[in-house]
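Engineer: Sharing entry-v5.txt below, compact mmCIF, C-alpha atoms:
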```
# COMPACT_ATOMS: atom_id res chain seq x y z
CA MET A 1 0.00 0.00 0.00
CA SER A 2 1.66 3.23 -1.11
CA ASP A 3 0.94 6.60 0.41
CA VAL A 4 0.71 8.92 -2.59
CA ILE A 5 0.04 12.49 -1.58
CA GLU A 6 -1.70 14.66 -4.17
CA ILE A 7 0.10 17.98 -4.56
CA THR A 8 -1.54 20.93 -6.28
CA PHE A 9 0.15 24.11 -7.44
CA ASP A 10 -1.91 26.21 -5.02
CA SER A 11 -0.95 23.96 -2.09
CA LEU A 12 2.72 24.89 -2.52
CA GLY A 13 2.04 28.27 -0.89
CA LEU A 14 4.27 30.29 -3.21
CA THR A 15 4.71 33.94 -2.35
CA LYS A 16 5.99 34.95 -5.79
CA PRO A 17 5.82 33.65 -9.37
CA LEU A 18 8.14 30.81 -10.40
CA ASP A 19 9.97 33.04 -12.88
CA LYS A 20 10.85 35.52 -10.12
CA MET A 21 12.26 32.87 -7.77
CA THR A 22 16.00 32.21 -7.63
CA ALA A 23 17.48 28.87 -8.64
CA LYS A 24 18.32 28.19 -5.00
CA GLU A 25 14.71 28.83 -3.93
CA LEU A 26 13.40 26.59 -6.73
CA ARG A 27 15.76 23.76 -5.77
CA GLN A 28 14.69 24.02 -2.14
CA LEU A 29 11.03 24.01 -3.17
CA CYS A 30 11.54 20.84 -5.20
CA MET A 31 13.39 19.09 -2.40
CA ASP A 32 10.93 20.13 0.33
CA LYS A 33 7.54 20.03 -1.37
CA ILE A 34 7.73 18.31 -4.77
CA PRO A 35 9.26 14.83 -4.38
CA GLN A 36 8.21 13.88 -7.95
CA ILE A 37 11.05 15.98 -9.36
CA GLN A 38 14.28 14.02 -9.05
CA GLY A 39 17.72 15.60 -9.48
CA ALA A 40 16.64 19.15 -8.76
CA SER A 41 19.99 20.02 -7.20
CA GLY A 42 21.72 19.65 -10.57
CA MET A 43 19.16 21.55 -12.68
CA THR A 44 19.39 25.13 -13.91
CA LYS A 45 16.70 27.68 -13.13
CA GLU A 46 15.14 27.47 -16.60
CA ILE A 47 14.91 23.68 -16.45
CA LEU A 48 13.45 23.79 -12.93
CA VAL A 49 10.78 26.32 -13.93
CA SER A 50 9.80 24.37 -17.05
CA THR A 51 9.76 21.06 -15.12
CA ILE A 52 7.51 22.47 -12.39
CA LYS A 53 5.17 24.05 -14.95
CA GLU A 54 5.05 20.81 -16.91
CA LEU A 55 4.33 18.78 -13.76
CA PHE A 56 1.35 20.96 -12.83
CA GLY A 57 0.16 21.46 -16.41
CA LEU A 58 0.86 25.19 -16.52
CA GLU A 59 1.76 27.08 -19.65
CA ASP A 60 4.26 29.92 -19.79
CA GLY A 61 2.93 33.04 -18.13
CA GLU A 62 0.01 31.16 -16.55
CA SER A 63 1.51 30.55 -13.12
CA LYS A 64 -0.13 33.56 -11.48
CA THR A 65 -2.35 35.87 -13.48
CA ASN A 66 -3.62 39.03 -11.88
CA PRO A 67 -7.42 39.00 -11.51
CA TYR A 68 -7.38 42.80 -11.12
CA LYS A 69 -5.63 43.46 -14.44
CA GLN A 70 -8.57 45.32 -16.01
CA GLN A 71 -9.14 47.40 -12.89
CA ILE A 72 -5.44 48.35 -12.76
CA GLY A 73 -5.56 49.34 -16.44
CA GLY A 74 -8.54 51.60 -15.80
CA LEU A 75 -6.77 53.26 -12.89
CA LYS A 76 -3.66 53.84 -14.99
CA ARG A 77 -5.73 55.49 -17.73
CA GLN A 78 -7.31 57.68 -15.07
CA ILE A 79 -3.85 58.62 -13.77
CA LYS A 80 -2.75 59.57 -17.29
CA THR A 81 -5.68 61.94 -17.79
CA MET A 82 -5.14 63.44 -14.33
CA ARG A 83 -1.48 64.10 -15.17
CA GLU A 84 -2.53 65.95 -18.31
CA GLU A 85 -4.99 68.04 -16.27
CA LYS A 86 -2.28 68.72 -13.66
CA ASN A 87 0.19 69.91 -16.30
CA ALA A 88 -2.45 72.17 -17.86
CA SER A 89 -3.43 73.68 -14.50
CA GLU A 90 -2.40 77.26 -13.77
CA SER A 91 -2.82 77.21 -9.99
CA ARG A 92 -0.09 75.78 -7.82
CA GLN A 93 -2.68 74.62 -5.30
CA ASP A 94 -4.64 72.75 -8.00
CA ARG A 95 -1.45 71.00 -9.13
CA ALA A 96 -0.72 69.94 -5.53
CA VAL A 97 -4.24 68.54 -5.13
CA MET A 98 -3.95 66.63 -8.42
CA ARG A 99 -0.53 65.28 -7.41
CA ARG A 100 -1.97 63.87 -4.17
CA LYS A 101 -4.89 62.28 -6.02
CA ILE A 102 -2.50 60.72 -8.53
CA ASN A 103 -0.33 59.35 -5.70
CA LYS A 104 -3.40 57.74 -4.08
CA LEU A 105 -4.34 56.05 -7.35
CA LYS A 106 -0.77 54.81 -7.85
CA LYS A 107 -0.81 53.30 -4.35
CA ARG A 108 -4.11 51.58 -5.13
CA THR A 109 -2.69 50.05 -8.34
CA ARG A 110 0.31 48.72 -6.39
CA ARG A 111 -1.96 47.19 -3.73
CA LEU A 112 -4.08 45.51 -6.41
CA ALA A 113 -0.97 44.18 -8.15
CA ASN A 114 0.35 42.75 -4.88
CA ALA A 115 -3.04 41.34 -3.84
CA SER A 116 -2.86 38.57 -6.42
CA ALA A 117 0.75 37.63 -5.73
```
What does this structure look like when you write it as structure tokens?

Structural biologist:
Amino acid sequence: MSDVIEITFDSLGLTKPLDKMTAKELRQLCMDKIPQIQGASGMTKEILVSTIKELFGLEDGESKTNPYKQQIGGLKRQIKTMREEKNASESRQDRAVMRRKINKLKKRTRRLANASA
């Protein structure tokens, strides 16, 4: 009777995408959590990433997609129009107000980008 444990990609608990991990981190991940991959200590980063993606049936760029991508795009378009308004503004106070609003939107886009990671 063999004890085969089913491992899913989400159960690995990754904090960043595979492509952003170092070779050392990938090797440690394979040794600690993915026993199906043999010889990880001798593999390069590219081979490790492709092997892990192949094992879990992921395609390139599919490892972690941002569910807020459309919302972030809308916020960036809004920032662009606000910058144009700020540059066209005559009043120093109006430019300062616009700058603060732009900074708030930029912070929101960063939070949304990090929320999916």

Engineer: Nearest to Glu46 in chain A among A:Thr109, A:Thr22, A:Thr81, A:Gln28, with distances taken over all atoms listed in the file: which residue is it?

Structural biologist: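 Nearest candidate to Glu46 in chain A out of A:Thr109, A:Thr22, A:Thr81, A:Gln28: A:Thr22.
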
Engineer: Kindly indicate which residue among A:Leu26, A:Gln78, A:Ser91, A:Leu55 lies nearest to Met43 in chain A, using only C-alpha atoms for the distances.

Structural biologist: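 So, comparing all the options, the nearest one is A:Leu26.
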
Engineer: May I ask which of the residues A:Ile52, A:Leu75, A:Lys33, A:Glu84 is the closest one to Leu18 in chain A, counting only C-alpha atoms?

Structural biologist: A:Ile52

Engineer: When you count all atoms listed in the file, which of these residues is closest to Gln71 in chain A: A:Leu14, A:Ala96, A:Met21, A:Leu112?

Structural biologist: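 Residue with the minimum atom-to-atom distance to Gln71 in chain A: A:Leu112.
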
Engineer: Find the distance between CA of Ser50 in chain A and CA of Gln70 in chain A and write it in Å to one decimal.

Structural biologist: 27.9 Å

Engineer: Using only C-alpha atoms for the distances, tell me which of A:Lys53, A:Lys86, A:Arg110, A:Arg100 is nearest to Asp19 in chain A.

Structural biologist: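 Selected residue with least distance to Asp19 in chain A: A:Lys53.
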
Engineer: Of the candidates A:Ile102, A:Leu58, A:Met82, A:Ala23, which one gets nearest to Gly42 in chain A if we count all atoms listed in the file?

Structural biologist: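 So, comparing all the options, the nearest one is A:Ala23.
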
Engineer: To one decimal place in Å, what is the distance between CA of Arg92 in chain A and CA of Lys106 in chain A?

Structural biologist: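 Here the two named atoms are 21.0 Å from each other.
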
Engineer: Find the distance between CA of Ala113 in chain A and CA of Ile47 in chain A and write it in Å to one decimal.

Structural biologist: 27.2 Å

Engineer: Pop range 63-117 of chain A out of the structure in the block and write C-alpha atoms as a short mmCIF file (atom, residue, chain, number, x, y, z; two decimals), in the first residue's frame.

Structural biologist:
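decode_12.cif written:
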```cif
data_model
loop_
_atom_site.label_atom_id
_atom_site.label_comp_id
_atom_site.auth_asym_id
_atom_site.auth_seq_id
_atom_site.Cartn_x
_atom_site.Cartn_y
_atom_site.Cartn_z
CA SER A 63 1.51 30.55 -13.12
CA LYS A 64 -0.13 33.56 -11.48
CA THR A 65 -2.35 35.87 -13.48
CA ASN A 66 -3.62 39.03 -11.88
CA PRO A 67 -7.42 39.00 -11.51
CA TYR A 68 -7.38 42.80 -11.12
CA LYS A 69 -5.63 43.46 -14.44
CA GLN A 70 -8.57 45.32 -16.01
CA GLN A 71 -9.14 47.40 -12.89
CA ILE A 72 -5.44 48.35 -12.76
CA GLY A 73 -5.56 49.34 -16.44
CA GLY A 74 -8.54 51.60 -15.80
CA LEU A 75 -6.77 53.26 -12.89
CA LYS A 76 -3.66 53.84 -14.99
CA ARG A 77 -5.73 55.49 -17.73
CA GLN A 78 -7.31 57.68 -15.07
CA ILE A 79 -3.85 58.62 -13.77
CA LYS A 80 -2.75 59.57 -17.29
CA THR A 81 -5.68 61.94 -17.79
CA MET A 82 -5.14 63.44 -14.33
CA ARG A 83 -1.48 64.10 -15.17
CA GLU A 84 -2.53 65.95 -18.31
CA GLU A 85 -4.99 68.04 -16.27
CA LYS A 86 -2.28 68.72 -13.66
CA ASN A 87 0.19 69.91 -16.30
CA ALA A 88 -2.45 72.17 -17.86
CA SER A 89 -3.43 73.68 -14.50
CA GLU A 90 -2.40 77.26 -13.77
CA SER A 91 -2.82 77.21 -9.99
CA ARG A 92 -0.09 75.78 -7.82
CA GLN A 93 -2.68 74.62 -5.30
CA ASP A 94 -4.64 72.75 -8.00
CA ARG A 95 -1.45 71.00 -9.13
CA ALA A 96 -0.72 69.94 -5.53
CA VAL A 97 -4.24 68.54 -5.13
CA MET A 98 -3.95 66.63 -8.42
CA ARG A 99 -0.53 65.28 -7.41
CA ARG A 100 -1.97 63.87 -4.17
CA LYS A 101 -4.89 62.28 -6.02
CA ILE A 102 -2.50 60.72 -8.53
CA ASN A 103 -0.33 59.35 -5.70
CA LYS A 104 -3.40 57.74 -4.08
CA LEU A 105 -4.34 56.05 -7.35
CA LYS A 106 -0.77 54.81 -7.85
CA LYS A 107 -0.81 53.30 -4.35
CA ARG A 108 -4.11 51.58 -5.13
CA THR A 109 -2.69 50.05 -8.34
CA ARG A 110 0.31 48.72 -6.39
CA ARG A 111 -1.96 47.19 -3.73
CA LEU A 112 -4.08 45.51 -6.41
CA ALA A 113 -0.97 44.18 -8.15
CA ASN A 114 0.35 42.75 -4.88
CA ALA A 115 -3.04 41.34 -3.84
CA SER A 116 -2.86 38.57 -6.42
CA ALA A 117 0.75 37.63 -5.73
#
```
